[in-house]
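A.B. asks: I'm passing along coords-v4.tsv; it holds TSV, C-alpha atoms.
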chain	number	residue	atom	x	y	z
A	207	MET	CA	22.44	-9.45	-17.13
A	208	LYS	CA	21.56	-8.73	-20.77
A	209	LYS	CA	20.81	-5.17	-21.80
A	210	LYS	CA	18.01	-3.66	-23.84
A	211	THR	CA	17.00	-0.11	-24.61
A	212	ALA	CA	13.52	1.25	-24.00
A	213	GLU	CA	13.15	1.74	-27.74
A	214	ASP	CA	13.89	-1.97	-28.36
A	215	ILE	CA	11.32	-3.03	-25.77
A	216	ILE	CA	8.59	-0.72	-27.06
A	217	ARG	CA	9.17	-1.85	-30.63
A	218	GLN	CA	9.06	-5.54	-29.68
A	219	TYR	CA	5.98	-5.01	-27.52
A	220	LYS	CA	4.13	-3.45	-30.44
A	221	SER	CA	5.02	-6.49	-32.54
A	222	GLY	CA	3.34	-8.75	-29.98
A	223	TYR	CA	6.21	-9.71	-27.66
A	224	ARG	CA	5.41	-9.40	-23.93
A	225	GLU	CA	8.19	-10.99	-21.85
A	226	PHE	CA	11.25	-8.94	-20.91
A	227	LYS	CA	12.50	-10.87	-17.89
A	228	GLY	CA	15.88	-10.35	-16.30
A	229	PHE	CA	17.11	-7.55	-18.55
A	230	THR	CA	18.83	-4.31	-17.63
A	231	VAL	CA	17.33	-1.33	-19.41
A	232	ASP	CA	20.34	0.81	-20.23
A	233	PRO	CA	20.41	3.73	-20.51
A	234	PRO	CA	17.45	4.39	-18.15
A	235	GLY	CA	14.46	4.05	-20.43
A	236	ASN	CA	11.63	6.40	-21.31
A	237	PHE	CA	8.31	4.52	-21.38
A	238	ALA	CA	6.25	7.61	-20.58
A	239	LYS	CA	2.68	7.70	-21.96
A	240	ASN	CA	3.06	4.28	-23.62
A	241	ARG	CA	0.39	1.59	-23.41
A	242	LEU	CA	2.17	-1.51	-22.10
A	243	THR	CA	-0.75	-3.54	-20.74
A	244	GLY	CA	0.31	-6.98	-19.52
A	245	ILE	CA	4.02	-6.45	-20.13
A	246	ILE	CA	6.32	-8.70	-18.07
A	247	PHE	CA	9.35	-7.11	-16.43
A	248	GLU	CA	9.99	-9.80	-13.80
A	249	GLY	CA	13.45	-9.41	-12.26
A	250	THR	CA	14.29	-6.62	-14.69
A	251	ASN	CA	16.55	-3.69	-13.77
A	252	LEU	CA	14.54	-0.57	-14.59
A	253	MET	CA	16.38	1.74	-12.25
A	254	GLY	CA	15.66	5.38	-13.11
A	255	ALA	CA	13.23	4.55	-15.92
A	256	SER	CA	10.26	6.81	-16.66
A	257	PHE	CA	6.75	5.34	-16.80
A	258	GLU	CA	5.00	8.65	-16.25
A	259	ARG	CA	1.32	8.38	-17.29
A	260	ALA	CA	1.99	4.97	-18.87
A	261	ILE	CA	-0.80	2.36	-19.06
A	262	LEU	CA	0.55	-0.69	-17.22
A	263	GLU	CA	-2.60	-2.58	-16.24
A	264	ARG	CA	-1.92	-6.23	-15.31
A	265	ALA	CA	1.80	-5.71	-15.94
A	266	SER	CA	4.30	-7.75	-13.91
A	267	PHE	CA	7.22	-6.06	-12.17
A	268	SER	CA	7.78	-8.91	-9.70
A	269	ALA	CA	11.22	-8.61	-8.04
A	270	ALA	CA	12.13	-5.77	-10.40
A	271	ASN	CA	14.60	-3.01	-9.51
A	272	LEU	CA	12.52	0.16	-9.81
A	273	ARG	CA	14.64	2.42	-7.64
A	274	GLY	CA	14.33	6.03	-8.72
A	275	ALA	CA	11.80	5.19	-11.45
A	276	ASN	CA	9.06	7.69	-12.30
A	277	PHE	CA	5.51	6.29	-12.20
A	278	LYS	CA	3.73	9.61	-11.69
A	279	GLY	CA	0.14	9.31	-12.95
A	280	ALA	CA	0.72	5.77	-14.26
A	281	ASN	CA	-1.98	3.08	-14.35
A	282	LEU	CA	-0.76	0.00	-12.46
A	283	ALA	CA	-4.20	-1.44	-11.74
A	284	LYS	CA	-4.04	-5.19	-10.99
A	285	ALA	CA	-0.30	-5.19	-11.62
A	286	ASN	CA	1.99	-7.79	-10.05
A	287	LEU	CA	4.49	-5.79	-8.00
A	288	LYS	CA	5.51	-8.50	-5.54
A	289	GLY	CA	8.96	-7.96	-4.08
A	290	ALA	CA	9.70	-4.97	-6.30
A	291	ASP	CA	12.10	-2.31	-5.00
A	292	PHE	CA	10.49	1.14	-5.31
A	293	ARG	CA	12.87	3.07	-3.07
A	294	GLY	CA	13.32	6.58	-4.40
A	295	ALA	CA	10.59	6.09	-7.01
A	296	ILE	CA	8.11	8.84	-7.89
A	297	MET	CA	4.63	7.41	-7.26
A	298	ARG	CA	2.26	10.35	-6.87
A	299	GLY	CA	-1.18	9.92	-8.42
A	300	VAL	CA	-0.64	6.27	-9.38
A	301	ASP	CA	-3.58	3.90	-9.94
A	302	LEU	CA	-2.78	0.83	-7.81
A	303	ASN	CA	-6.34	-0.49	-7.71
A	304	GLY	CA	-6.12	-4.23	-7.03
A	305	ALA	CA	-2.32	-4.28	-7.37
A	306	ASP	CA	-0.28	-6.99	-5.63
A	307	LEU	CA	2.39	-5.26	-3.55
A	308	ARG	CA	3.23	-8.15	-1.24
A	309	TRP	CA	6.75	-7.80	0.14
A	310	ALA	CA	7.45	-4.78	-2.04
A	311	ASN	CA	9.88	-2.18	-0.70
A	312	LEU	CA	8.12	1.20	-0.64
A	313	GLU	CA	10.22	2.76	2.09
A	314	GLY	CA	10.02	6.55	1.91
A	315	VAL	CA	7.92	6.53	-1.28
A	316	ASP	CA	5.38	9.34	-1.79
A	317	LEU	CA	2.03	7.84	-2.87
A	318	THR	CA	0.08	11.05	-2.33
A	319	GLY	CA	-3.16	11.08	-4.30
A	320	SER	CA	-2.78	7.49	-5.51
A	321	ILE	CA	-5.61	4.95	-5.78
A	322	ILE	CA	-4.86	2.05	-3.43
A	323	ALA	CA	-8.29	0.40	-3.27
A	324	SER	CA	-8.07	-3.42	-2.97
A	325	ALA	CA	-4.26	-3.31	-3.14
A	326	ASN	CA	-2.45	-6.05	-1.21
A	327	PHE	CA	0.32	-4.65	1.01
A	328	GLU	CA	0.96	-7.84	2.98
A	329	GLY	CA	4.56	-7.88	4.20
A	330	ALA	CA	5.39	-4.67	2.31
A	331	ASN	CA	7.87	-2.16	3.69
A	332	LEU	CA	5.83	1.03	4.14
A	333	LYS	CA	8.22	2.72	6.53
A	334	ASN	CA	7.93	6.51	6.13
A	335	THR	CA	5.71	5.98	3.08
A	336	CYS	CA	3.24	8.80	2.42
A	337	LEU	CA	-0.33	7.73	1.57
A	338	LYS	CA	-1.84	11.13	2.29
A	339	ASN	CA	-4.95	11.92	0.24
A	340	ALA	CA	-4.72	8.49	-1.38
A	341	ASP	CA	-8.04	6.94	-2.38
A	342	PRO	CA	-8.29	3.86	-0.14
A	343	GLY	CA	-11.63	2.65	-1.43
A	344	LYS	CA	-14.49	1.58	0.81
A	345	TRP	CA	-12.63	-1.24	2.56
A	346	TRP	CA	-9.17	0.24	3.24
A	347	TRP	CA	-9.36	-0.89	6.85
A	348	LYS	CA	-9.79	-4.49	5.69
A	349	ALA	CA	-6.75	-4.22	3.45
A	350	LYS	CA	-4.18	-6.99	3.83
A	351	LEU	CA	-1.48	-5.37	5.94
A	352	ALA	CA	-0.25	-8.34	7.97
A	353	ASP	CA	3.49	-8.06	8.68
A	354	ALA	CA	3.68	-4.72	6.86
A	355	LYS	CA	6.29	-2.34	8.27
A	356	MET	CA	4.44	0.92	8.89
A	357	ASP	CA	6.55	2.95	11.30
A	358	GLY	CA	6.19	6.59	10.29
A	359	THR	CA	3.71	5.83	7.51
A	360	ILE	CA	1.37	8.72	6.70
A	361	LEU	CA	-2.11	7.24	6.29
A	362	PRO	CA	-4.81	8.49	3.87
A	363	ASP	CA	-6.36	10.85	6.44
A	364	GLY	CA	-2.99	12.39	7.28
A	365	THR	CA	-2.42	10.45	10.50
A	366	VAL	CA	1.19	9.41	11.13
A	367	PHE	CA	1.33	5.74	12.11
A	368	SER	CA	3.90	5.53	14.88
A	369	GLN	CA	3.68	1.92	16.02
A	370	PRO	CA	4.19	-1.43	14.26
A	371	PHE	CA	1.01	-2.90	12.84
A	372	LEU	CA	0.04	-6.06	14.71
A	373	GLU	CA	-0.37	-9.38	12.95
A	374	GLY	CA	-4.03	-9.84	12.13
A	375	GLY	CA	-4.56	-6.11	11.77
A	376	ASP	CA	-6.69	-6.73	8.69
A	377	GLU	CA	-9.43	-8.21	10.92
A	378	PHE	CA	-11.01	-4.89	11.79
A	379	ILE	CA	-12.35	-1.72	10.24
A	380	ARG	CA	-11.92	1.76	11.63
A	381	ASP	CA	-15.24	3.49	11.11
A	382	SER	CA	-14.51	6.96	12.43
A	383	VAL	CA	-11.38	7.79	14.35
A	384	GLU	CA	-10.18	11.36	14.24
A	385	VAL	CA	-6.93	12.75	15.55
A	386	ALA	CA	-6.46	16.22	16.96
A	387	GLU	CA	-4.20	18.62	15.09
A	388	PRO	CA	-2.55	20.73	17.81
A	389	ASP	CA	0.08	23.37	17.22
A	390	GLU	CA	2.61	21.28	19.11
A	391	PRO	CA	3.14	17.53	18.64
A	392	ALA	CA	0.79	15.64	20.90
A	393	GLY	CA	-0.87	12.28	21.32
A	394	PRO	CA	-4.23	11.40	19.77
A	395	ASP	CA	-7.42	13.03	21.06
A	396	TYR	CA	-9.12	9.98	22.54
A	397	LYS	CA	-12.40	11.84	23.00
A	398	LYS	CA	-12.89	11.84	19.24
A	399	ALA	CA	-12.32	8.11	18.88
A	400	ASP	CA	-16.03	7.43	18.86
A	401	ARG	CA	-16.43	3.98	17.37
A	402	LEU	CA	-14.37	0.87	16.71
A	403	TYR	CA	-15.66	-1.98	14.59
A	404	TYR	CA	-14.10	-5.39	14.33
A	405	GLU	CA	-14.94	-8.87	13.14
A	406	GLY	CA	-14.79	-12.12	15.07
A	407	LEU	CA	-16.77	-14.61	17.13
A	408	GLY	CA	-16.64	-15.58	20.78
A	409	ASP	CA	-14.04	-14.28	23.19
A	410	ILE	CA	-12.82	-10.84	22.10
A	411	ALA	CA	-9.70	-11.12	24.27
A	412	GLY	CA	-7.89	-12.85	21.42
A	413	ILE	CA	-8.47	-10.09	18.88
A	414	GLN	CA	-5.23	-8.57	17.61
A	415	ALA	CA	-5.89	-5.10	16.33
A	416	GLN	CA	-4.75	-1.55	16.72
A	417	ILE	CA	-6.47	1.71	15.89
A	418	GLN	CA	-4.76	3.46	13.01
A	419	SER	CA	-3.88	6.53	15.06
A	420	GLY	CA	-1.69	4.47	17.36
A	421	ILE	CA	-4.15	4.39	20.26
A	422	PRO	CA	-3.26	1.29	22.32
A	423	LEU	CA	-5.93	-1.32	22.97
A	424	THR	CA	-5.17	-1.00	26.68
A	425	HIS	CA	-6.38	2.60	26.79
A	426	PRO	CA	-9.56	2.94	28.92
A	427	LYS	CA	-11.47	4.61	26.08
A	428	VAL	CA	-10.77	1.74	23.70
A	429	GLN	CA	-11.54	-0.87	26.34
A	430	ASP	CA	-14.89	0.80	26.95
A	431	LEU	CA	-15.66	0.71	23.21
A	432	ILE	CA	-14.77	-2.98	22.98
A	433	LYS	CA	-16.91	-3.89	25.99
A	434	LYS	CA	-19.91	-2.11	24.49
A	435	ALA	CA	-19.42	-3.71	21.09
A	436	SER	CA	-18.93	-7.20	22.55
A	437	LYS	CA	-22.50	-7.25	23.83
A	438	ASN	CA	-23.70	-7.60	20.25
A	439	LEU	CA	-21.33	-10.43	19.31
A	440	PRO	CA	-22.99	-13.78	18.49
A	441	ARG	CA	-21.90	-16.61	20.77
A	442	PRO	CA	-21.06	-20.16	19.56
A	443	TRP	CA	-23.80	-21.62	21.74
A	444	GLN	CA	-26.53	-19.29	20.44
Mind turning this structure into structure tokens?

C.D. replies:
Amino acid sequence: MKKKTAEDIIRQYKSGYREFKGFTVDPPGNFAKNRLTGIIFEGTNLMGASFERAILERASFSAANLRGANFKGANLAKANLKGADFRGAIMRGVDLNGADLRWANLEGVDLTGSIIASANFEGANLKNTCLKNADPGKWWWKAKLADAKMDGTILPDGTVFSQPFLEGGDEFIRDSVEVAEPDEPAGPDYKKADRLYYEGLGDIAGIQAQIQSGIPLTHPKVQDLIKKASKNLPRPWQ
């Protein structure tokens, strides 16, 4: 794999060049605070690089090695991050609005305070990822999370997701589910799970969904909510 320095890349970018595919940036580069809108780092080894507070809107890091990289406060809005390896990366306060994170590896990454509205996490590895205090936007519970690995993920409201997300989990919205915060570890407070919304027509038995707090659909409280909501569902023959 050919090598380039961060200084070479920044200089060439300013001269109008945008594609830096398949390179190894060595030594680990410093791109902090640089405006690199639309830059293409597909398949590039950027391990340990610093992009702190960099402007990277619509950039492409598809299949890039970003392990240990620093993206703190960076703008990655609408960036292509498909299949990128972010393990060990610093991602606090990152703008990921509309970013494509399909099949990205975010295992153990701290995304505290980041903007994740409209981001696509389909198939992403979110195991032990922290999304606490992240801005999920209005439709977080319609986010594309099919096949995402979420065991141990800390969700925006602080809830720890302890069960695998079911396929089709993007077909519902959690309107207001709260979880108790006892002194000792305990299960969710089902009394506070007041409403569950979902989309679909006809027989609700086929709906595949799971409340974000890990409450199983078989729990009597959830079954009662579904029965009540199903009365308002339009039927195919109506």

A.B. asks: Using only C-alpha atoms, determine which residues lie at most 6 Å from Phe257 (chain A), disregarding the query and same-chain residues fewer than 3 positions distant; provide the list as a PyMOL selection string.

C.D. replies: chain A and resi 237-238+260+276-277

A.B. asks: Output C-alpha atoms of each residue in that selection to a file, as an mmCIF file, in the coordinates of the input.

C.D. replies:
data_model
loop_
_atom_site.group_PDB
_atom_site.id
_atom_site.type_symbol
_atom_site.label_atom_id
_atom_site.label_comp_id
_atom_site.auth_asym_id
_atom_site.auth_seq_id
_atom_site.Cartn_x
_atom_site.Cartn_y
_atom_site.Cartn_z
ATOM 1 C CA PHE A 237 8.310 4.520 -21.380
ATOM 2 C CA ALA A 238 6.250 7.610 -20.580
ATOM 3 C CA ALA A 260 1.990 4.970 -18.870
ATOM 4 C CA ASN A 276 9.060 7.690 -12.300
ATOM 5 C CA PHE A 277 5.510 6.290 -12.200
#

A.B. asks: What is the CA of Ala285 (chain A)-CA of Thr230 (chain A) distance in Å, reported with one decimal?

C.D. replies: 20.1 Å

A.B. asks: For CA of Gly319 (chain A) and CA of Met253 (chain A), determine how far apart the two atoms are, in Å to one decimal place.

C.D. replies: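 Atom-to-atom, CA of Gly319 (chain A) to CA of Met253 (chain A), that is 23.1 Å.
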
A.B. asks: One number please: CA of Thr211 (chain A) to CA of Phe247 (chain A), in Å, one decimal.

C.D. replies: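 Distance between the two atoms: 13.2 Å.
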
A.B. asks: Which neighbours of Asn303 (chain A) fall inside 12 Å, counting only C-alpha atoms, when residues of the same chain fewer than 3 positions from it are skipped, and could you give them as a ChimeraX atom specification?

C.D. replies: /A:262-264,280-286,299-300,306-307,320-327,340-344,346,349

A.B. asks: With all atoms of region 293-306 of chain A from the file as input, state the centre and edge lengths in Å to one decimal of the axis-aligned box that has 8 Å extra on each side, as JSON.

C.D. replies:
{"center_x": 3.5, "center_y": 1.7, "center_z": -6.5, "size_x": 35.7, "size_y": 33.3, "size_z": 22.9}

A.B. asks: Name all residues at most 8 Å from Gly314 (chain A) (count only C-alpha atoms; drop same-chain ones fewer than 5 positions away) and give them as a VMD selection string.

C.D. replies: chain A and resid 293 to 294 332 to 336

A.B. asks: From the options A:Gly254, A:Gly304, A:Gly244, A:Pro234, which residue's atoms come nearest to Lys210 (chain A), counting only C-alpha atoms?

C.D. replies: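 Of A:Gly254, A:Gly304, A:Gly244, A:Pro234, the one nearest Lys210 (chain A) is A:Pro234, counting only C-alpha atoms.
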